$ cat query.csv   # CSV, N, CA and C atoms and all ligand atoms
chain,number,residue,atom,x,y,z
A,1,MET,N,119.6,176.0,13.9
A,1,MET,CA,119.6,177.5,14.1
A,1,MET,C,118.8,177.8,15.3
A,2,LYS,N,119.4,178.4,16.3
A,2,LYS,CA,118.7,178.7,17.6
A,2,LYS,C,118.0,180.0,17.5
A,3,CYS,N,116.8,180.0,18.1
A,3,CYS,CA,116.1,181.3,18.2
A,3,CYS,C,116.9,182.2,19.2
A,4,PRO,N,117.1,183.5,18.8
A,4,PRO,CA,117.9,184.4,19.6
A,4,PRO,C,117.1,184.8,20.9
A,5,LYS,N,115.8,184.6,20.9
A,5,LYS,CA,115.0,185.1,22.0
A,5,LYS,C,114.9,184.0,23.1
A,6,CYS,N,114.5,182.8,22.6
A,6,CYS,CA,114.2,181.7,23.6
A,6,CYS,C,115.2,180.6,23.6
A,7,GLY,N,116.0,180.5,22.5
A,7,GLY,CA,117.0,179.5,22.4
A,7,GLY,C,116.5,178.2,21.8
A,8,ALA,N,115.2,178.1,21.4
A,8,ALA,CA,114.7,176.9,20.9
A,8,ALA,C,115.3,176.6,19.5
A,9,GLU,N,115.4,175.4,19.1
A,9,GLU,CA,116.0,175.1,17.8
A,9,GLU,C,114.9,174.7,16.8
A,10,ASP,N,113.7,174.7,17.2
A,10,ASP,CA,112.6,174.4,16.3
A,10,ASP,C,112.1,175.7,15.7
A,11,ASN,N,112.4,175.9,14.4
A,11,ASN,CA,111.9,177.1,13.7
A,11,ASN,C,111.6,176.8,12.2
A,12,THR,N,110.8,177.6,11.6
A,12,THR,CA,110.4,177.4,10.2
A,12,THR,C,110.9,178.5,9.4
A,13,VAL,N,111.5,178.2,8.2
A,13,VAL,CA,111.9,179.2,7.3
A,13,VAL,C,110.7,179.7,6.5
A,14,ILE,N,110.3,181.0,6.7
A,14,ILE,CA,109.1,181.5,6.0
A,14,ILE,C,109.5,182.4,4.8
A,15,ASP,N,110.7,182.7,4.7
A,15,ASP,CA,111.1,183.5,3.5
A,15,ASP,C,112.6,183.3,3.2
A,16,THR,N,113.0,183.2,2.0
A,16,THR,CA,114.4,183.1,1.6
A,16,THR,C,114.7,184.1,0.5
A,17,ARG,N,115.7,184.9,0.7
A,17,ARG,CA,116.1,185.8,-0.3
A,17,ARG,C,117.6,185.6,-0.7
A,18,LYS,N,117.8,185.5,-1.9
A,18,LYS,CA,119.1,185.2,-2.4
A,18,LYS,C,119.8,186.4,-3.1
A,19,TYR,N,120.9,186.8,-2.6
A,19,TYR,CA,121.7,187.8,-3.2
A,19,TYR,C,122.9,187.1,-3.9
A,20,ASN,N,123.8,187.9,-4.4
A,20,ASN,CA,125.0,187.3,-5.1
A,20,ASN,C,125.7,186.2,-4.3
A,21,THR,N,126.1,186.6,-3.1
A,21,THR,CA,126.9,185.6,-2.4
A,21,THR,C,126.3,185.4,-1.0
A,22,VAL,N,125.1,185.9,-0.8
A,22,VAL,CA,124.5,185.8,0.6
A,22,VAL,C,123.1,185.3,0.4
A,23,ILE,N,122.7,184.4,1.2
A,23,ILE,CA,121.3,183.9,1.3
A,23,ILE,C,120.7,184.3,2.7
A,24,SER,N,119.7,185.1,2.6
A,24,SER,CA,119.0,185.6,3.8
A,24,SER,C,117.7,184.8,4.0
A,25,ARG,N,117.6,184.3,5.2
A,25,ARG,CA,116.4,183.5,5.5
A,25,ARG,C,115.6,184.1,6.7
A,26,VAL,N,114.3,184.3,6.5
A,26,VAL,CA,113.5,184.8,7.6
A,26,VAL,C,112.9,183.5,8.3
A,27,ARG,N,113.1,183.4,9.6
A,27,ARG,CA,112.7,182.3,10.3
A,27,ARG,C,111.6,182.6,11.4
A,28,LEU,N,110.7,181.7,11.6
A,28,LEU,CA,109.7,181.8,12.7
A,28,LEU,C,109.9,180.8,13.7
A,29,CYS,N,110.2,181.2,15.0
A,29,CYS,CA,110.4,180.2,16.1
A,29,CYS,C,109.0,179.6,16.4
A,30,GLU,N,109.0,178.3,16.4
A,30,GLU,CA,107.8,177.5,16.7
A,30,GLU,C,107.4,177.6,18.2
A,31,LYS,N,108.4,177.9,19.0
A,31,LYS,CA,108.1,177.9,20.4
A,31,LYS,C,107.6,179.2,20.9
A,32,CYS,N,108.2,180.4,20.5
A,32,CYS,CA,107.8,181.7,21.0
A,32,CYS,C,107.3,182.6,19.9
A,33,GLN,N,107.2,182.1,18.7
A,33,GLN,CA,106.7,182.8,17.5
A,33,GLN,C,107.5,184.1,17.2
A,34,HIS,N,108.7,184.1,17.7
A,34,HIS,CA,109.6,185.2,17.4
A,34,HIS,C,110.1,185.1,16.0
A,35,ILE,N,110.2,186.2,15.2
A,35,ILE,CA,110.6,186.1,13.9
A,35,ILE,C,112.0,186.8,13.8
A,36,PHE,N,113.0,186.0,13.2
A,36,PHE,CA,114.3,186.5,13.1
A,36,PHE,C,114.9,186.1,11.8
A,37,SER,N,116.0,186.7,11.4
A,37,SER,CA,116.6,186.4,10.1
A,37,SER,C,118.0,185.9,10.3
A,38,THR,N,118.4,185.0,9.4
A,38,THR,CA,119.8,184.5,9.4
A,38,THR,C,120.4,184.8,8.0
A,39,LYS,N,121.7,184.9,7.9
A,39,LYS,CA,122.4,185.0,6.6
A,39,LYS,C,123.4,183.9,6.5
A,40,GLU,N,123.5,183.4,5.2
A,40,GLU,CA,124.5,182.4,4.9
A,40,GLU,C,125.4,183.0,3.8
A,41,ASN,N,126.7,183.0,4.0
A,41,ASN,CA,127.6,183.5,3.0
A,41,ASN,C,128.1,182.3,2.2
A,42,ILE,N,128.0,182.5,0.9
A,42,ILE,CA,128.5,181.5,-0.1
A,42,ILE,C,130.0,181.8,-0.3
A,43,ASP,N,130.9,180.9,0.0
A,43,ASP,CA,132.3,181.1,-0.3
A,43,ASP,C,132.6,180.7,-1.7
A,44,SER,N,132.7,181.6,-2.6
A,44,SER,CA,132.9,181.3,-4.0
A,44,SER,C,134.3,180.8,-4.3
A,45,ASP,N,135.2,181.0,-3.3
A,45,ASP,CA,136.6,180.5,-3.5
A,45,ASP,C,136.7,179.0,-3.0
A,46,PHE,N,135.6,178.5,-2.4
A,46,PHE,CA,135.7,177.2,-1.9
A,46,PHE,C,135.8,176.1,-3.0
A,47,SER,N,136.8,175.2,-2.9
A,47,SER,CA,137.0,174.2,-3.9
A,47,SER,C,136.1,173.0,-3.6
A,48,HIS,N,134.9,173.0,-4.2
A,48,HIS,CA,134.0,171.9,-3.8
A,48,HIS,C,134.2,170.6,-4.7
A,49,SER,N,135.1,170.7,-5.7
A,49,SER,CA,135.3,169.5,-6.5
A,49,SER,C,136.0,168.4,-5.6
A,50,GLY,N,137.0,168.8,-4.9
A,50,GLY,CA,137.6,167.8,-4.0
A,50,GLY,C,136.7,167.4,-2.9
A,51,TYR,N,135.9,168.4,-2.4
A,51,TYR,CA,135.0,168.1,-1.3
A,51,TYR,C,134.0,167.0,-1.7
A,52,ASN,N,133.5,167.1,-2.9
A,52,ASN,CA,132.4,166.2,-3.4
A,52,ASN,C,133.0,164.8,-3.5
A,53,LYS,N,134.2,164.6,-3.9
A,53,LYS,CA,134.8,163.3,-4.0
A,53,LYS,C,134.9,162.6,-2.7
A,54,ARG,N,135.2,163.4,-1.6
A,54,ARG,CA,135.3,162.8,-0.3
A,54,ARG,C,134.0,162.6,0.3
A,55,SER,N,133.0,163.3,-0.1
A,55,SER,CA,131.7,163.2,0.6
A,55,SER,C,130.6,162.4,-0.1
A,56,ASN,N,131.0,161.7,-1.2
A,56,ASN,CA,130.0,161.0,-2.0
A,56,ASN,C,129.2,160.0,-1.1
A,57,ASN,N,129.8,159.4,-0.1
A,57,ASN,CA,129.1,158.4,0.6
A,57,ASN,C,128.5,158.9,1.9
A,58,GLN,N,128.5,160.3,2.0
A,58,GLN,CA,127.9,160.9,3.2
A,58,GLN,C,126.4,161.1,3.0
A,59,PRO,N,125.6,161.0,4.0
A,59,PRO,CA,124.2,161.3,3.9
A,59,PRO,C,124.0,162.8,3.6
A,60,ASP,N,122.9,163.1,2.9
A,60,ASP,CA,122.7,164.5,2.5
A,60,ASP,C,122.7,165.5,3.7
A,61,ASP,N,122.2,165.0,4.8
A,61,ASP,CA,122.0,166.0,5.9
A,61,ASP,C,123.3,166.5,6.5
A,62,GLN,N,124.4,165.8,6.1
A,62,GLN,CA,125.7,166.3,6.6
A,62,GLN,C,126.2,167.4,5.6
A,63,CYS,N,125.5,167.6,4.5
A,63,CYS,CA,126.0,168.6,3.6
A,63,CYS,C,125.0,169.8,3.6
A,64,GLU,N,124.3,170.0,4.7
A,64,GLU,CA,123.2,171.0,4.8
A,64,GLU,C,123.8,172.4,4.5
A,65,LEU,N,125.0,172.7,4.9
A,65,LEU,CA,125.6,174.0,4.7
A,65,LEU,C,125.7,174.3,3.2
A,66,PHE,N,125.8,173.3,2.4
A,66,PHE,CA,126.1,173.6,1.0
A,66,PHE,C,124.9,173.4,0.1
A,67,ASP,N,123.7,173.2,0.7
A,67,ASP,CA,122.5,173.1,-0.1
A,67,ASP,C,122.3,174.3,-1.0
A,68,PRO,N,122.5,175.5,-0.5
A,68,PRO,CA,122.2,176.6,-1.4
A,68,PRO,C,123.0,176.6,-2.7
A,69,MET,N,124.2,176.1,-2.7
A,69,MET,CA,125.0,176.0,-3.9
A,69,MET,C,124.5,175.1,-4.9
A,70,GLU,N,123.8,174.1,-4.4
A,70,GLU,CA,123.2,173.1,-5.3
A,70,GLU,C,122.0,173.6,-6.1
A,71,GLU,N,121.5,174.7,-5.6
A,71,GLU,CA,120.3,175.3,-6.3
A,71,GLU,C,120.8,176.0,-7.6
A,72,ASN,N,122.0,176.3,-7.7
A,72,ASN,CA,122.5,177.1,-8.8
A,72,ASN,C,122.5,176.3,-10.1
A,101,ZN,ZN,111.9,181.4,20.3
$ encode --input "query.csv" --output "structure tokens"
Amino acid sequence: MKCPKCGAEDNTVIDTRKYNTVISRVRLCEKCQHIFSTKENIDSDFSHSGYNKRSNNQPDDQCELFDPMEEN
């Protein structure tokens, strides 16, 4: 996730708020200290049963987008 101010990709999540289908994260840029927020939409219609079968051998970091769903 790039900082909108300086474009650096190094940032820290300092707060996470979870709504029904949206996860909002507050991030702190480690380069310019700019604070910004990002939102992730959870696609409840997404068929992850088939996805999991195909991705069993994939490293976890390739499933980063779906980590919030695993917290449920
Ligand atoms: Zn920045």
$ residues_around --input "query.csv" --residues "Glu9 of chain A" --least-positions-apart "4" --cutoff "8 Å" --atoms "all atoms listed in the file" --output "count of residues only"
6
$ residues_around --input "query.csv" --residues "segment 24-28 of chain A" --least-positions-apart "6" --cutoff "7 Å" --atoms "all atoms listed in the file" --output "list in words"
Asp10, Asn11, Thr12, Val13, Ile14, Asp15, Thr16, Arg17, Lys18, His34, Ile35, Phe36, Ser37, Thr38, Lys39 and Glu40 of chain A
$ atom_distance --input "query.csv" --atom1 "atom C of Tyr19 of chain A" --atom2 "atom C of Ser47 of chain A"
19.3 Å
$ atom_distance --input "query.csv" --atom1 "atom N of Cys32 of chain A" --atom2 "atom C of Pro4 of chain A"
9.9 Å
$ atom_distance --input "query.csv" --atom1 "atom CA of Asp45 of chain A" --atom2 "atom N of Ile23 of chain A"
15.2 Å
$ closest_residue --input "query.csv" --among "A:Asn41, A:Phe46, A:Lys5, A:Thr21" --to "ligand ZN 101 (chain A)" --atoms "only N, CA and C atoms and all ligand atoms"
A:Lys5
